[in-house]
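**Student:** Quick one: this structure, given as C-alpha cells, is what I'll be asking you about.
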There are 4 protein chains.
Amino acid sequence: MEIVRKIDKKPYDRLSHVSNCTFGPLNEPMIWVKPKEIVEIETHDRFGDIVKIGKELKEIVKEGLLRFVNPVTGPIYIEEAKPGDTLIVEILDIRIPEIGVITASPDSGALKGLVEISEIKTKFLKIRKGKVVYETSKGSKVEIPVKPFIGTIGVSPEIETISTITPGRHGGNMDCPDICPRNKLYLPVFREGALFSLGNVHAVQGDGKICGTALEVSAHIKLKFDLIRDKKVDWPRVESPEEIMTICSDKPLEDAAKLAFMELIKWMKSDYNFGEVDAYTLLSLAAKLNITQMVNPLYTVTAKISKQYLQ
Amino acid sequence: MEIVRKIDKKPYDRLSHVSNCTFGPLNEPMIWVKPKEIVEIETHDRFGDIVKIGKELKEIVKEGLLRFVNPVTGPIYIEEAKPGDTLIVEILDIRIPEIGVITASPDSGALKGLVEISEIKTKFLKIRKGKVVYETSKGSKVEIPVKPFIGTIGVSPEIETISTITPGRHGGNMDCPDICPRNKLYLPVFREGALFSLGNVHAVQGDGKICGTALEVSAHIKLKFDLIRDKKVDWPRVESPEEIMTICSDKPLEDAAKLAFMELIKWMKSDYNFGEVDAYTLLSLAAKLNITQMVNPLYTVTAKISKQYLQ
Amino acid sequence: MEIVRKIDKKPYDRLSHVSNCTFGPLNEPMIWVKPKEIVEIETHDRFGDIVKIGKELKEIVKEGLLRFVNPVTGPIYIEEAKPGDTLIVEILDIRIPEIGVITASPDSGALKGLVEISEIKTKFLKIRKGKVVYETSKGSKVEIPVKPFIGTIGVSPEIETISTITPGRHGGNMDCPDICPRNKLYLPVFREGALFSLGNVHAVQGDGKICGTALEVSAHIKLKFDLIRDKKVDWPRVESPEEIMTICSDKPLEDAAKLAFMELIKWMKSDYNFGEVDAYTLLSLAAKLNITQMVNPLYTVTAKISKQYLQ
Amino acid sequence: MEIVRKIDKKPYDRLSHVSNCTFGPLNEPMIWVKPKEIVEIETHDRFGDIVKIGKELKEIVKEGLLRFVNPVTGPIYIEEAKPGDTLIVEILDIRIPEIGVITASPDSGALKGLVEISEIKTKFLKIRKGKVVYETSKGSKVEIPVKPFIGTIGVSPEIETISTITPGRHGGNMDCPDICPRNKLYLPVFREGALFSLGNVHAVQGDGKICGTALEVSAHIKLKFDLIRDKKVDWPRVESPEEIMTICSDKPLEDAAKLAFMELIKWMKSDYNFGEVDAYTLLSLAAKLNITQMVNPLYTVTAKISKQYLQ
C-alpha cells in the first residue's frame, strides 16, 4: 500500500509573504520528505484563494490585501538532494474545484496599451464535467475542456531569492501546460534539500497566457519525488510518454526559444546518440515550440521533439 | 467541368532575378487570371530546383549560381482586383516529388554562433508513401509524415519591392504550415491586379524552421482565387474548417505575437460579435500560437482560435 | 574656381510618390553627376514642405495629402560608380530656413501607448541666430542650439525598393546627426551609378528621436562625391576629423548595436592594424554608442571610436 | 570639522558569498550610519581584488575561486530610512589605485559568438597621472583619461534577493558612468534602513561595456547619505550640476530606453511643470540617451536632459 504524506497550504497573509511568494535558500522548510515518497499537497490559487474570499479583484487590490501574488506551498526539503543532482517530480494527479477565476487589467498582460481596458475585470467561471463554461459579457456561452497543470513549481536558486512571479533555471512561474499528470519534470538542485515549492494551478490556459492570467484555481496535487544523483540539468525539462521537452525563460522571446532548442540538442546528443548538426536539422523538420507565457518578467517557451524520431 | 489554367515556372537564371525573387509593383505580370478560375502552378524549390541540378549547395554557392534564393512563380494578375480589396486564395492541392533537400549553414539559422557547424551541409531526403525518410549521419533512419504547404506566397506591396526571403503585410516568406490544402488564405490587395506570386513549398517543417530551411521541394499547386471587394484585411489571415488564424511578422518575436493577437481580436470583434476584453480573456484561455519561423529577416507567428469557441 | 551643379527638388505630389519616397533600382535618375563635382541640392522637409503649406499636420492627413512621407531628392546617377565600389559623400554645407516643425502622434513614436496624447500635435518652431526657440504649451521658452544634419540619405539596394522611412545597409532613414558638415559618409554601391538620393534634414534632434520626428526642415545642401573603387563597405560609415563611426540598423536595438560594433572592429582591423580581441577590449573602455533613432521600422545606432586611440 | 565613518571591505571568500554578492532583505547589516554623516568605504574590484592576487583570471576560474563575482561592501543600515522614502547618495570622491584589469571571455560579452576569442584574456593596465595606458598585444600604446565611477550600487529589494551582477529598480549592477563625484544618486527605499551596498568601481568604461568588463579597480569612496521622506522614486535617478537623468534596466534594450524616457517625463512633469506632450517633444529634440551596459542579465540605459532646457 502506498504511503502518502499530506501537506497543507500555509495561511496566506501579508506577514509571511517573503517565504510564501519567493524561491530562495533562506526560506525555512515546512516539511521533510524522502525520495520515492508520495505526497499530496494543497495549493492556493494565484490570488490567495480569491474564490473563497468572493470579492472582485479590484476591491481586494484597493484594500491592500494583494501586494504579493502567486503564493506557493513549501519549501519541501527533499532528503538526500544535494547541489549537482537533478530532482525528478512525477506528477500523479491534480484535482481542482468547480470554480476558477480569470482577470484582465490595464496594467499587465501581453497587449497592455493595445487592448482597450479601463479597469481590472474579474470573471468567475464554472467548471462542469471537465469543461470550463466561458460566458461573454453579452451572455453567450462556450465550453472549453479543462487541462489542469502546475503553473509555478521549482527549487531554491543558489544565492538569489526570486519572486514566484518570475521563471528561470530554478523553474518558478513557467506556466507550462506540460507540467501535468502523466509527465515527469526534471529540475536542477542548487541547495541541500532542493527546497521545492509549488502552486498557481491553472484549469486551462491558451498559448502565451496573453491577458496575464489563465483560469486560476486552488488545487490538490499528488506527486512523487526522485533524484538523479551527481548529474544536473541546466534548465527545467519535461518528459511525457510521447515527447521530451525543455523549458527556458528569457527576453526577448527569441532568446528563450534559442536556449530551449540548444538544451534540446544537448539532450538529444547526450541521451539519444545524435550529432549536433543532425539534431539541428531534425528539429528544423519536426520540433514543436510552445510559447507558454509572454507576460511574466521573463518569457517562457517549451521546445519539444517526439520520441518516435529519437530511436 | 472545371476549367483549369496552367502556369509553368519561369526559368531560374541570374538575369531574371529581380522579378523572380521579389514582390513589387514594377514586376511585369506573366499571366492574367479571372476570379473563380482554377489555376495549376509549377514552382521551383527554394534553391532554384537544386534537386535536379544534383549538386551540394556549397558547390552551387561557390560557383556563384545562387546569389538570390526563393524564386517564385508570378506575378499573376488577378483581374478586377483593386487596392482596398481582399484576395482569397483557396488552396486545393499541393503535389510534391519524391525527393527534397534540407541544408544547414554556419552563417544562418536561429542557432547561428551556438551550434557548431563548420560549412554548409546538404541532406537530400527521400519521400515515400507520404513519409520523409530522415537519415542521420550515423545511418539511423526515422520516418516523418509529410505535410506540404506553401512557404512563400503574397502580393505586391504598395510602393516597395520586397525580397522573397522577407515576410510582411503583403504575405511573402511567412513559412506558415497552415497555408495548405483545405484552407483559405486572405491577403490585402495594394495594387491593381494584386500581382500575386508563390513558391518555396516545404514537404514538412518544424516550428521555428530553426536551421534556416525545411524540406525544400518543387511543387505542382492547384488554387482558386476570389475577391472580397472594398474590404481589406490588414495582415494575412487563414481560415481552415476548424480555426481562424492571423499571420504577422516582426522583430523581436513578441512584437509579431502581439500583432497577431491584436489582428485576431479585431477579427473576433468584426465577424463574431465579441467585445474586446471578452476576446482578450478567451484567447488567454484557448488561443494557439504557432512560431512558424524565426530565421527570416522578420519573424512570423500564427495566432489561432477554434471556431467552436466563436459561436 | 569650383564648379557647382545645382539640383532642385522634385514637386511633391501623390503621382510621383514611388520614386520620391523610395530607394530602388527601377527609379529613373533625375541627373548625372561626375565624381569630385560639387553639387548643391534642395530638399523638402519630411512632410513635403508642410511649413509652406502652413497647415496643421492633422488637417493635411485628413485631406489625404500625406500618404507617403519623407520625400527625397534624386536619384542622382554618379558616373563611373559600379557595384562593389564605395561611394564617398563629403558634406560641405547645410543651410536651413528660419522655421521648422515637430509633430507628435498617438500612432507613432517610441512611447506609443505610454504617453497620453489624444491627437496629432504640430509645433512650428522659429530658428534664430543658430538657436531653436522651443515654446511649451504653457508659454515658457528655451533655446536649443541647431545642429543640422541629413536624416535620409542613401543609394539603391540591389534588388529591393525600400521606403524612405526605413534605414538599412543602403543608408536610408538613419537619422544620424553625424551626417553633417565636416564629415564624410561612406555608402556601399549596389547598382550602376549608385542612384543616390537624400532629404529629411533635421535642424536638431535628441537621441532616439523618441516622439517620431525631430525639428523637420527643408534645406539647401552642398556635397562632393567621390569613389573608392572595387572595395565595398558592408554598412554605412562616417568619418569626422576626430572619429570613425559605423551606422547599423536592426531590431531589437541590441542587434543593431552588435552589428555596429562588429563593423567598427572590422574597420579597426583592416585600416588600423588591430587584432580582434584588442579592438574588442579597447571599445569596451572607450567606445561611444549613439542611439540615433528608435522609431523607424528598424532602429539605428552609431558606434564610434576616437582616432586618437587608433594610432 | 566633518565627522567621517570609515567602512572597510569584508574579506572575500566563498563562505560569505551570499551576503557579499547579493542585495537582499535578509543580509545582515555590517554598520549603522545616520543621514548626513560622511562615510569612507573600501571596495573590492569585480574579481575580489584580482590585482592583489596577481593571477590571470583563467587560472583563478580554474581553481574554483571565482564562482561569484562582483562582491560589494555592505549592507549599510541607514538610520531612519523606511519603505516609501528616497535615499540620496551624494558621491564626494572616488580614489583608485595605479592598476586595473580588463578581461574578455568566449562565454560572455555583447559580441559572444561573433568575436573570435578562444579563451579568457586578461589585461592588467597601468594608470598614470589620470590616464589609463592601454597596450595592444602588438605593443602599441595609447592613453585614455580615467573617469572613475561606481558600477554596482543599490539597496535591498522588497522581497527578492538579487545577485550583484544584475541591475534593476533597486540599483545594482547598473554600470552607469554618471554615478561619479559631483553627482547625486536617488534610490527607492524598500526596507527599513535601506540596506545599502556598493562596489565594482570602474576607472573608465566605454558605452555598452561590450566585452563584459571595464577597467576593474578596487577603490576608496567618500559618500554622504540623505533622505527624502515619504516620497519614493520608481527607478534610480541621478542629478549632476548640469543634467537630470533616469537609469532603467530591462531587455530588450528598447524597453529599457522606453522606461528611462517615461521616468524622465514623470520627473519633468512633477518637478519642472511640464505637460506630458511638451516633455515628449522636447526630449525628441534635446535628450541624451546613454547605453551604459548591454552585457548584464538586464541592459541599462540612462536618459538625460540638460537643466538649461527645464527653466
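Every chain in the C-alpha cells takes a letter, A first, then B, and so on in the order presented; its residues are numbered from 1, and the ligands are numbered from 1 following the presented order.
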Would you tabulate, counting only C-alpha atoms, all residues of chain B that have an atom at most 7 Å from an atom of chain C, showing the closest pair of atoms and their distance in Å to one decimal, sorted by chain then ascending number, as JSON lines?
**Tutor:**
```
{"residue": "B:Val18", "atom": "CA", "partner": "C:Ile159", "partner_atom": "CA", "distance": 5.6}
{"residue": "B:Ile159", "atom": "CA", "partner": "C:Val18", "partner_atom": "CA", "distance": 5.6}
{"residue": "B:Glu160", "atom": "CA", "partner": "C:Thr161", "partner_atom": "CA", "distance": 5.0}
{"residue": "B:Thr161", "atom": "CA", "partner": "C:Thr161", "partner_atom": "CA", "distance": 4.5}
{"residue": "B:Ile162", "atom": "CA", "partner": "C:Glu160", "partner_atom": "CA", "distance": 5.3}
{"residue": "B:Ser163", "atom": "CA", "partner": "C:Glu160", "partner_atom": "CA", "distance": 6.0}
{"residue": "B:Lys251", "atom": "CA", "partner": "C:Lys251", "partner_atom": "CA", "distance": 5.8}
{"residue": "B:Pro252", "atom": "CA", "partner": "C:Pro252", "partner_atom": "CA", "distance": 5.7}
```
**Student:** List the spatial neighbours of Gly84 (chain C) as a PyMOL selection string - criterion: any atom at most 9 Å away, only C-alpha atoms, same-chain residues fewer than 2 positions off excluded.
**Tutor:** chain C and resi 81-82+86+188-191+229-233
**Student:** Residues at most 8 Å from Trp32 (chain A), counting only C-alpha atoms, excluding those fewer than 3 positions away in the same chain, as a PyMOL selection string?
**Tutor:** chain A and resi 29+76-79
**Student:** Which parts of region 24-253 of chain D does DSSP call strand (DSSP E or B) when run on the backbone here, written out as a ChimeraX atom specification?
**Tutor:** /D:31-33,38-43,72-78,86-95,99-104,121-128,131-135,141-145,149-154,161-163,167-168,171-172,184-188,196-202,216-217,219-228,237-239,243-250
**Student:** Name all residues at most 8 Å from Phe47 (chain D) (count only C-alpha atoms; drop same-chain ones fewer than 3 positions away) and give them as a PyMOL selection string.
**Tutor:** chain D and resi 44+50+66+69-71
**Student:** Could you dump the residues just selected with C-alpha atoms as a short mmCIF file (atom, residue, chain, number, x, y, z; two decimals), in the first residue's frame?
**Tutor:**
```cif
data_model
loop_
_atom_site.label_atom_id
_atom_site.label_comp_id
_atom_site.auth_asym_id
_atom_site.auth_seq_id
_atom_site.Cartn_x
_atom_site.Cartn_y
_atom_site.Cartn_z
CA HIS D 44 36.94 45.20 -3.88
CA ILE D 50 42.34 40.03 -8.51
CA LEU D 66 35.57 32.74 -8.53
CA VAL D 69 31.85 37.89 -8.88
CA ASN D 70 31.07 41.49 -8.08
CA PRO D 71 31.47 41.49 -4.27
#
```
**Student:** Which of these, D:Glu42, D:Asp107, D:Glu135, D:Glu116, has the shortest distance to Gly199 (chain D) once you count only C-alpha atoms?
**Tutor:**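 Under the stated criterion, the closest residue is D:Glu42.
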**Student:** Leaving out Lys269 (chain B) and any residue of its chain fewer than 5 positions from it, which residues lie within 12 Å of it when counting only C-alpha atoms, given as a ChimeraX atom specification?
**Tutor:** /B:262-264,274-280,310
**Student:** Between CA of Lys129 (chain B) and CA of His202 (chain B), what is the distance, to one decimal in Å?
**Tutor:**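 CA of Lys129 (chain B) sits 16.3 Å away from CA of His202 (chain B).
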**Student:** For Ala287 (chain A), list every protein, DNA or RNA residue within 7 Å, evaluated using only C-alpha atoms, and leave out those in the same chain fewer than 2 positions away; present the list as an MDAnalysis selection string.
**Tutor:** (chainID A and resid 283:285 289 303:305) or (chainID B and resid 206:207)
**Student:** Can you measure CA of Leu223 (chain A) to CA of Ala260 (chain A) for me? One decimal in Å is fine.
**Tutor:** 25.1 Å
**Student:** Pick out the residues sitting within 10 Å of Ile150 (chain D), and hand them over as a ChimeraX atom specification; count only C-alpha atoms, and ignore anything fewer than 5 positions along from it in its own chain.
**Tutor:** /D:43,91,94,173-181,198-203,219,221
**Student:** Could you save those same residues with C-alpha atoms as an mmCIF file, in the first residue's frame?
**Tutor:**
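Final output, part-v7.cif:
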```cif
data_model
loop_
_atom_site.group_PDB
_atom_site.id
_atom_site.type_symbol
_atom_site.label_atom_id
_atom_site.label_comp_id
_atom_site.auth_asym_id
_atom_site.auth_seq_id
_atom_site.Cartn_x
_atom_site.Cartn_y
_atom_site.Cartn_z
ATOM 1 C CA THR D 43 35.547 48.275 -2.142
ATOM 2 C CA ILE D 91 29.271 60.950 -4.247
ATOM 3 C CA ILE D 94 36.494 58.116 -5.592
ATOM 4 C CA ASN D 173 24.912 46.466 -11.412
ATOM 5 C CA MET D 174 23.888 49.477 -13.497
ATOM 6 C CA ASP D 175 27.440 50.325 -14.668
ATOM 7 C CA CYS D 176 26.402 53.952 -15.106
ATOM 8 C CA PRO D 177 29.360 56.361 -15.555
ATOM 9 C CA ASP D 178 27.274 59.216 -14.169
ATOM 10 C CA ILE D 179 27.374 57.687 -10.697
ATOM 11 C CA CYS D 180 30.562 59.634 -10.083
ATOM 12 C CA PRO D 181 31.904 62.518 -7.991
ATOM 13 C CA LEU D 198 28.252 49.238 -3.283
ATOM 14 C CA GLY D 199 31.346 48.075 -5.148
ATOM 15 C CA ASN D 200 32.638 47.282 -8.636
ATOM 16 C CA VAL D 201 34.296 50.611 -9.391
ATOM 17 C CA HIS D 202 35.471 51.191 -12.965
ATOM 18 C CA ALA D 203 38.380 53.500 -13.784
ATOM 19 C CA ALA D 219 38.502 51.826 -4.645
ATOM 20 C CA ILE D 221 34.927 56.035 -1.871
#
```
